[in-house]
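To start, the structure under review is shown below, and the notes come after it.
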Amino acid sequence: MKQGIFEIMENTALTESVFKMVLSGDVSSITAPGQFVNIQLDGLFLRRPISVCDLGENTLTIIYKAVGKGTEQMSRMQPGEKLDVLTGLGNGYDLTVAGKRPVLLGGGVGVPPMYLLAKQLLDQGKKVTVILGFNTESEIFYEKEFMALGADVIVTTVDGSRGIKGFVTDALKMLDYTYFYTCGPEPMLKAVYKASTTSGQMSFEKRMGCGFGACMGCSCKTLTGYKRICKEGPVMRKEEILWED
Amino acid sequence: MGRLSVELCGITLDNPVIPASGTFGYGYEYADLYDINCLGTFSFKGTTKEPRFGNPTPRIAECYAGMINAVGLQNPGVEKVVAEELPKLKKCFNKPVMANISGFGVEEYAYTCEKLDREEQVGWLEVNVSCPNVHGGGMSFGTDPKAAAEVTAAVKKVTTKPVIVKLSPNVTDIVSIAKACEDAGADGISLINTMLGMRIDLRTRKPVIANKMGGFSGSAIFPVAVRMVYQVANAVKIPVVGMGGVSSAEDVIEMMLAGATAVEVGAANLVNPYVCKQIIEDLPAVMDKYRINTLSEIIGGVK
């Protein structure tokens with residue numbers, strides 16, 4: 001983990017409520033896709049945890065949905081403004097177990113961390129399929145970016161306005177894959193857990209205090225003991241997940 | 001003794017800055033970030049007799065200038081703290097540590113304190129009396145002078161280390177509770193623990209925290225803490241450790257003027273993990289600004 005001051009290079013809307021922000025600063029503590037950063041915002045007490053979408057040598061891309069006070073405030077920020085960011089938080093995905101044909105499933109704002117993951121898996125010569133799930137056509141983002149990486153991209157929408165009508169699991173059923181990686185809302189994770197025929201890793205979200213393991217605000221029970229979503233997570237292996245309800 | 005040093009219950013601290021229990025784990029998370037030997041000491045995660053998972057999540061809610069937590073004393077239990085956490089701490093911290101202890105019955109407090117009394121690195125026992133007394137109808141020990149005194153006396157019997165009783169601010173008359181603890185043998189008083197608070201989500205109309213209510217902390221509660229530290233410090237002869245919303249060198253000095261011998265920093269660590277190190281580095285310049293020669297001379301110095 002590192003604390004650093006980052007400058008906003010870009011902050012643009014991808015859909016009505018989803019924004020892409022590119023930050024410039026020291027990204028050396030970010031070691032794996034699926035890790036997150038924790039952003040301090042003027043006038044708000046707690047930092048805002050956001051997953052890493054892409055990395056450059058000195059840049060960091062995050063994609064966030066303006067849903068509350070913090071993210072709405074972020075969406076109004078301009079290039080040139082500075083942010084205090086804690087980087088390199090969480091465990092991230094383990095790429096070594098992907099096999100030859102991993103499938104990546106992202107739902108809504110669970111899509112962004114799949115981007116860096118897809119990029120790195122493709123760099124390793126894997127055949128990567130990405131399933132992007134959205135509610136409706138107007139909410140779709142990053143489809144072309146994933147295609148440009150060289151991944152096979154399948155889009156699902158709940159209302160059928162684009163791609164396959166239904167959920168990411170409806171697309172998953174039709175695929176032959178060696179491993180899965182996923183991030184999205186908990187009902188989706190549960191559905192992927194049930195529908196998947198291989199082992200895999202899933203990224204969880206919980207309301208956090210500090211984001212670096214000190215406060216025990218985001219603890220959860222797993223089959224391998226108590227874990228902190230921010231420290232031993234947010235990525236959990238399928239085999240250790242304990243659904244509490 | 002340096003400009004910043006103070007004496008707390010017979011042990012000299014290089015400076016009065018102490019990360020508060022529950023915001024600093026057992027130290028080593030922060031030792032990855034900076035050399036924690038720069039601290040006066042720190043108060044480790046509230047430890048109980050048995051291991052505890054704590055409350056269901058969400059456990060955290062944000063507030064104006066603060067936060068509410070209902071972690072529910074998640075900790076591995078005293079046996080594991082002794083066997084695993086303290087050996088790990090020893091590698092990154094070479095000063096006496098403050099052991100924070102909680103319990104749900106008088107015997108439980110005594111049991112945990114007795115175990116930690118045998119640990120060489122433990123300098124002080126900070127006894128959190130804000131927990132509900134499960135044998136006494138669930139009322140917090142800290143809301144009743146008699147119950148608080150009973151815990152204090154039971155703990156004093158099993159240890160030779162200084163006992164600092166950590167008081168809850170959710171009471172009508174904190175002075176009477178502090179005095180009851182002093183009369184029962186407490187070597188110091190620390191205050192304030194978090195204030196009981198609650199937030200409601202407008203969309204779901206449900207409490208934000210699964211436990212409904214939780215402890216409100218952060219800079220918003222600083223004035224309440226200063227007031228209570230002032231009241232207690234004027235009523236007892238034993239040293240007082242002040243805490244509640246402290247986040248700067250100026251706050252440390254204000255707390256000490258109110259009567260605190262040392263100062264704990266809580267929620268601020270969760271927002272800025274380097275805050276305690278920064279406060280210690282800032283103190284000399286802020287002392288110069290207010291013409292303070294040594295920190296020990298300003299304790300209780302409010303006119």
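Following the order of the structure tokens, chains are lettered A, B, ..., residues in each are numbered from 1, and ligands are numbered from 1.
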Write out as a PDB file with C-alpha atoms, in the first residue's frame which residues come within 12 Å of Val67 (chain A) when counting only C-alpha atoms, dropping same-chain ones fewer than 5 positions away.
ATOM      1  CA  GLU A  16     -25.500   8.651 -18.122  1.00  0.00           C
ATOM      2  CA  SER A  17     -24.103   7.708 -14.702  1.00  0.00           C
ATOM      3  CA  VAL A  18     -20.838   5.835 -15.312  1.00  0.00           C
ATOM      4  CA  PHE A  19     -17.587   7.801 -15.525  1.00  0.00           C
ATOM      5  CA  ARG A  48     -14.118   5.892  -1.478  1.00  0.00           C
ATOM      6  CA  GLU A  72     -21.257  12.368  -7.586  1.00  0.00           C
ATOM      7  CA  GLN A  73     -18.611  14.755  -6.273  1.00  0.00           C
ATOM      8  CA  MET A  74     -15.951  12.832  -8.213  1.00  0.00           C
ATOM      9  CA  SER A  75     -17.997  13.076 -11.412  1.00  0.00           C
ATOM     10  CA  VAL A 109     -19.718  -1.584 -12.428  1.00  0.00           C
TER      11      VAL A 109
ATOM     12  CA  ARG B 203     -33.734   4.728  -0.152  1.00  0.00           C
TER      13      ARG B 203
END
Taking the DSSP assignment computed from this structure's backbone, write out as a PyMOL selection string all residues of region 20-139 of chain B that belong to alpha helix (DSSP H). chain B and resi 28-31+78-80+86-92+106-117
Residue contacts of Arg227 (chain B) (12 Å, only C-alpha atoms) excluding same-chain residues fewer than 6 positions away, as a list in words: Pro169, Ile174, Val175, Leu191, Ile192, Ile221, Ala233, Asn234, Gly242, Met243, Gly244, Glu254, Met255, Met256, Leu257, Ala258, Gly259, Ala260 and Val302 of chain B
Contact table chain A vs chain B, cut-off 7 Å, shortest pair per residue, only C-alpha atoms, as a Markdown table:
| residue | atom | partner | partner_atom | distance |
| --- | --- | --- | --- | --- |
| A:Leu44 | CA | B:Ala65 | CA | 7.0 |
| A:Phe45 | CA | B:Ala65 | CA | 5.4 |
| A:Leu46 | CA | B:Val271 | CA | 6.0 |
| A:Arg47 | CA | B:Val271 | CA | 6.5 |
| A:Arg207 | CA | B:Pro58 | CA | 6.0 |
| A:Met208 | CA | B:Ile60 | CA | 6.6 |
| A:Gly209 | CA | B:Ile60 | CA | 6.1 |
| A:Cys210 | CA | B:Leu270 | CA | 4.5 |
| A:Ala214 | CA | B:Gly25 | CA | 5.3 |
| A:Cys215 | CA | B:Thr23 | CA | 5.3 |
| A:Met216 | CA | B:Val71 | CA | 6.5 |
| A:Gly217 | CA | B:Arg59 | CA | 5.4 |
| A:Cys218 | CA | B:Thr57 | CA | 6.8 |
Would you give me, as a PyMOL selection string, the residues in region 104-244 of chain B that DSSP reads as strand (DSSP E or B)? chain B and resi 122-128+132+140+163-166+188-191+195-198+200+207+213-217+240-243
Residue subset to file, keeping N, CA and C atoms, as an mmCIF file, in the first residue's frame:
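To be explicit, this is the file written out as again-v9.cif:
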data_model
loop_
_atom_site.group_PDB
_atom_site.id
_atom_site.type_symbol
_atom_site.label_atom_id
_atom_site.label_comp_id
_atom_site.auth_asym_id
_atom_site.auth_seq_id
_atom_site.Cartn_x
_atom_site.Cartn_y
_atom_site.Cartn_z
ATOM 1 N N VAL B 122 3.364 -5.942 27.587
ATOM 2 C CA VAL B 122 2.198 -5.149 27.995
ATOM 3 C C VAL B 122 2.610 -4.166 29.092
ATOM 4 N N GLY B 123 2.426 -2.868 28.800
ATOM 5 C CA GLY B 123 2.792 -1.844 29.774
ATOM 6 C C GLY B 123 1.626 -1.458 30.650
ATOM 7 N N TRP B 124 0.474 -1.282 30.020
ATOM 8 C CA TRP B 124 -0.736 -0.860 30.725
ATOM 9 C C TRP B 124 -1.885 -1.766 30.295
ATOM 10 N N LEU B 125 -2.860 -1.908 31.156
ATOM 11 C CA LEU B 125 -4.106 -2.562 30.763
ATOM 12 C C LEU B 125 -5.155 -1.463 30.640
ATOM 13 N N GLU B 126 -5.714 -1.323 29.448
ATOM 14 C CA GLU B 126 -6.798 -0.350 29.261
ATOM 15 C C GLU B 126 -8.100 -1.138 29.238
ATOM 16 N N VAL B 127 -8.907 -0.930 30.250
ATOM 17 C CA VAL B 127 -10.102 -1.753 30.424
ATOM 18 C C VAL B 127 -11.330 -0.998 29.917
ATOM 19 N N ASN B 128 -11.901 -1.550 28.847
ATOM 20 C CA ASN B 128 -13.052 -0.911 28.205
ATOM 21 C C ASN B 128 -14.329 -1.340 28.915
ATOM 22 N N PRO B 132 -21.787 -4.338 27.131
ATOM 23 C CA PRO B 132 -22.964 -4.695 27.930
ATOM 24 C C PRO B 132 -22.630 -5.801 28.935
ATOM 25 N N SER B 140 -24.566 -1.433 29.988
ATOM 26 C CA SER B 140 -23.118 -1.295 29.903
ATOM 27 C C SER B 140 -22.536 -1.078 31.302
ATOM 28 N N VAL B 163 -3.645 -0.021 35.609
ATOM 29 C CA VAL B 163 -4.958 -0.246 35.000
ATOM 30 C C VAL B 163 -5.586 1.105 34.661
ATOM 31 N N ILE B 164 -5.871 1.272 33.374
ATOM 32 C CA ILE B 164 -6.527 2.495 32.910
ATOM 33 C C ILE B 164 -7.945 2.119 32.491
ATOM 34 N N VAL B 165 -8.927 2.722 33.105
ATOM 35 C CA VAL B 165 -10.309 2.364 32.767
ATOM 36 C C VAL B 165 -10.809 3.317 31.687
ATOM 37 N N LYS B 166 -11.289 2.725 30.584
ATOM 38 C CA LYS B 166 -11.761 3.527 29.442
ATOM 39 C C LYS B 166 -13.268 3.711 29.540
ATOM 40 N N GLY B 188 -5.510 5.027 36.156
ATOM 41 C CA GLY B 188 -5.741 6.089 35.185
ATOM 42 C C GLY B 188 -7.121 5.941 34.584
ATOM 43 N N ILE B 189 -7.563 6.988 33.888
ATOM 44 C CA ILE B 189 -8.867 6.967 33.214
ATOM 45 C C ILE B 189 -8.606 7.363 31.770
ATOM 46 N N SER B 190 -9.202 6.644 30.825
ATOM 47 C CA SER B 190 -9.134 7.135 29.456
ATOM 48 C C SER B 190 -10.557 7.391 28.973
ATOM 49 N N LEU B 191 -10.719 8.441 28.174
ATOM 50 C CA LEU B 191 -12.029 8.801 27.663
ATOM 51 C C LEU B 191 -11.849 9.780 26.508
ATOM 52 N N MET B 195 -19.527 7.687 20.846
ATOM 53 C CA MET B 195 -20.869 8.091 21.269
ATOM 54 C C MET B 195 -21.882 7.278 20.481
ATOM 55 N N LEU B 196 -22.947 6.864 21.131
ATOM 56 C CA LEU B 196 -23.941 6.044 20.451
ATOM 57 C C LEU B 196 -24.633 6.862 19.355
ATOM 58 N N GLY B 197 -24.622 6.323 18.147
ATOM 59 C CA GLY B 197 -25.220 7.050 17.027
ATOM 60 C C GLY B 197 -25.967 6.126 16.088
ATOM 61 N N MET B 198 -26.631 6.716 15.095
ATOM 62 C CA MET B 198 -27.422 5.928 14.145
ATOM 63 C C MET B 198 -27.620 6.709 12.853
ATOM 64 N N ILE B 200 -29.858 6.432 8.954
ATOM 65 C CA ILE B 200 -30.910 5.721 8.214
ATOM 66 C C ILE B 200 -30.735 5.993 6.718
ATOM 67 N N PRO B 207 -31.881 1.201 8.856
ATOM 68 C CA PRO B 207 -30.620 1.716 9.415
ATOM 69 C C PRO B 207 -29.464 1.315 8.506
ATOM 70 N N MET B 213 -27.520 0.557 15.586
ATOM 71 C CA MET B 213 -26.763 1.652 16.208
ATOM 72 C C MET B 213 -25.289 1.290 16.305
ATOM 73 N N GLY B 214 -24.479 2.302 16.456
ATOM 74 C CA GLY B 214 -23.045 2.044 16.588
ATOM 75 C C GLY B 214 -22.359 3.215 17.250
ATOM 76 N N GLY B 215 -21.048 3.136 17.309
ATOM 77 C CA GLY B 215 -20.260 4.156 17.990
ATOM 78 C C GLY B 215 -19.828 5.248 17.028
ATOM 79 N N PHE B 216 -20.202 6.466 17.347
ATOM 80 C CA PHE B 216 -19.896 7.646 16.530
ATOM 81 C C PHE B 216 -18.535 8.191 16.962
ATOM 82 N N SER B 217 -17.634 8.330 15.993
ATOM 83 C CA SER B 217 -16.309 8.871 16.288
ATOM 84 C C SER B 217 -15.875 9.795 15.162
ATOM 85 N N VAL B 240 -5.252 11.172 33.222
ATOM 86 C CA VAL B 240 -6.348 10.989 32.264
ATOM 87 C C VAL B 240 -5.750 10.919 30.869
ATOM 88 N N VAL B 241 -6.200 9.933 30.092
ATOM 89 C CA VAL B 241 -5.810 9.844 28.685
ATOM 90 C C VAL B 241 -7.002 10.352 27.872
ATOM 91 N N GLY B 242 -6.773 11.400 27.088
ATOM 92 C CA GLY B 242 -7.880 12.017 26.352
ATOM 93 C C GLY B 242 -7.978 11.476 24.945
ATOM 94 N N MET B 243 -9.191 11.250 24.492
ATOM 95 C CA MET B 243 -9.392 10.857 23.095
ATOM 96 C C MET B 243 -10.797 11.208 22.658
#
Here is a test: counting only C-alpha atoms, which residue of A:Leu223, A:Gln35, A:Glu240, A:Met147 is nearest to Cys183 (chain A)?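 That would be A:Gln35, the residue with the smallest distance to Cys183 (chain A).
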For region 119-133 of chain A, list every protein, DNA or RNA residue within 6 Å, evaluated using only C-alpha atoms, and leave out those in the same chain fewer than 4 positions away; present the list as a list in words. Lys100, Arg101, Pro102, Val103, Leu104, Leu105, Gly106, Gly107, Ala151, Asp152, Val153, Ile154, Val155, Thr156, Thr157 and Val168 of chain A
Let me see the file: selected residues, N, CA and C atoms, as a PDB file, in the first residue's frame.
ATOM      1  N   LYS A 100      -6.158 -22.613 -20.105  1.00  0.00           N
ATOM      2  CA  LYS A 100      -5.974 -22.063 -21.455  1.00  0.00           C
ATOM      3  C   LYS A 100      -7.103 -21.147 -21.895  1.00  0.00           C
ATOM      4  N   ARG A 101      -8.327 -21.407 -21.408  1.00  0.00           N
ATOM      5  CA  ARG A 101      -9.485 -20.657 -21.911  1.00  0.00           C
ATOM      6  C   ARG A 101     -10.327 -20.093 -20.756  1.00  0.00           C
ATOM      7  N   PRO A 102      -9.803 -19.105 -20.056  1.00  0.00           N
ATOM      8  CA  PRO A 102     -10.595 -18.531 -18.957  1.00  0.00           C
ATOM      9  C   PRO A 102     -11.752 -17.677 -19.470  1.00  0.00           C
ATOM     10  N   VAL A 103     -12.825 -17.643 -18.676  1.00  0.00           N
ATOM     11  CA  VAL A 103     -13.935 -16.742 -18.996  1.00  0.00           C
ATOM     12  C   VAL A 103     -14.025 -15.702 -17.879  1.00  0.00           C
ATOM     13  N   LEU A 104     -14.260 -14.459 -18.293  1.00  0.00           N
ATOM     14  CA  LEU A 104     -14.365 -13.340 -17.349  1.00  0.00           C
ATOM     15  C   LEU A 104     -15.782 -12.804 -17.405  1.00  0.00           C
ATOM     16  N   LEU A 105     -16.434 -12.690 -16.252  1.00  0.00           N
ATOM     17  CA  LEU A 105     -17.810 -12.197 -16.225  1.00  0.00           C
ATOM     18  C   LEU A 105     -17.881 -10.919 -15.401  1.00  0.00           C
ATOM     19  N   GLY A 106     -18.311  -9.831 -16.025  1.00  0.00           N
ATOM     20  CA  GLY A 106     -18.455  -8.567 -15.314  1.00  0.00           C
ATOM     21  C   GLY A 106     -19.897  -8.103 -15.403  1.00  0.00           C
ATOM     22  N   GLY A 107     -20.444  -7.652 -14.277  1.00  0.00           N
ATOM     23  CA  GLY A 107     -21.811  -7.144 -14.286  1.00  0.00           C
ATOM     24  C   GLY A 107     -21.838  -5.685 -13.869  1.00  0.00           C
ATOM     25  N   ALA A 151     -10.054  -9.907 -26.970  1.00  0.00           N
ATOM     26  CA  ALA A 151     -10.887 -10.890 -26.273  1.00  0.00           C
ATOM     27  C   ALA A 151     -12.158 -11.165 -27.073  1.00  0.00           C
ATOM     28  N   ASP A 152     -12.721 -12.364 -26.902  1.00  0.00           N
ATOM     29  CA  ASP A 152     -14.062 -12.632 -27.450  1.00  0.00           C
ATOM     30  C   ASP A 152     -15.052 -12.004 -26.488  1.00  0.00           C
ATOM     31  N   VAL A 153     -15.915 -11.128 -27.004  1.00  0.00           N
ATOM     32  CA  VAL A 153     -16.808 -10.386 -26.117  1.00  0.00           C
ATOM     33  C   VAL A 153     -18.269 -10.770 -26.361  1.00  0.00           C
ATOM     34  N   ILE A 154     -18.949 -11.108 -25.279  1.00  0.00           N
ATOM     35  CA  ILE A 154     -20.383 -11.401 -25.344  1.00  0.00           C
ATOM     36  C   ILE A 154     -21.089 -10.404 -24.422  1.00  0.00           C
ATOM     37  N   VAL A 155     -22.115  -9.744 -24.953  1.00  0.00           N
ATOM     38  CA  VAL A 155     -22.882  -8.804 -24.132  1.00  0.00           C
ATOM     39  C   VAL A 155     -24.241  -9.423 -23.820  1.00  0.00           C
ATOM     40  N   THR A 156     -24.647  -9.285 -22.553  1.00  0.00           N
ATOM     41  CA  THR A 156     -26.014  -9.690 -22.205  1.00  0.00           C
ATOM     42  C   THR A 156     -26.737  -8.466 -21.640  1.00  0.00           C
ATOM     43  N   THR A 157     -28.033  -8.349 -21.943  1.00  0.00           N
ATOM     44  CA  THR A 157     -28.845  -7.312 -21.301  1.00  0.00           C
ATOM     45  C   THR A 157     -30.101  -7.974 -20.740  1.00  0.00           C
ATOM     46  N   VAL A 168     -25.598 -12.823 -17.279  1.00  0.00           N
ATOM     47  CA  VAL A 168     -24.292 -13.350 -17.711  1.00  0.00           C
ATOM     48  C   VAL A 168     -24.261 -14.878 -17.670  1.00  0.00           C
TER      49      VAL A 168
END
To one decimal in Å, tell me the separation between CA of Asn193 (chain B) and CA of Val171 (chain B).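 Between these atoms lies a distance of 11.3 Å.
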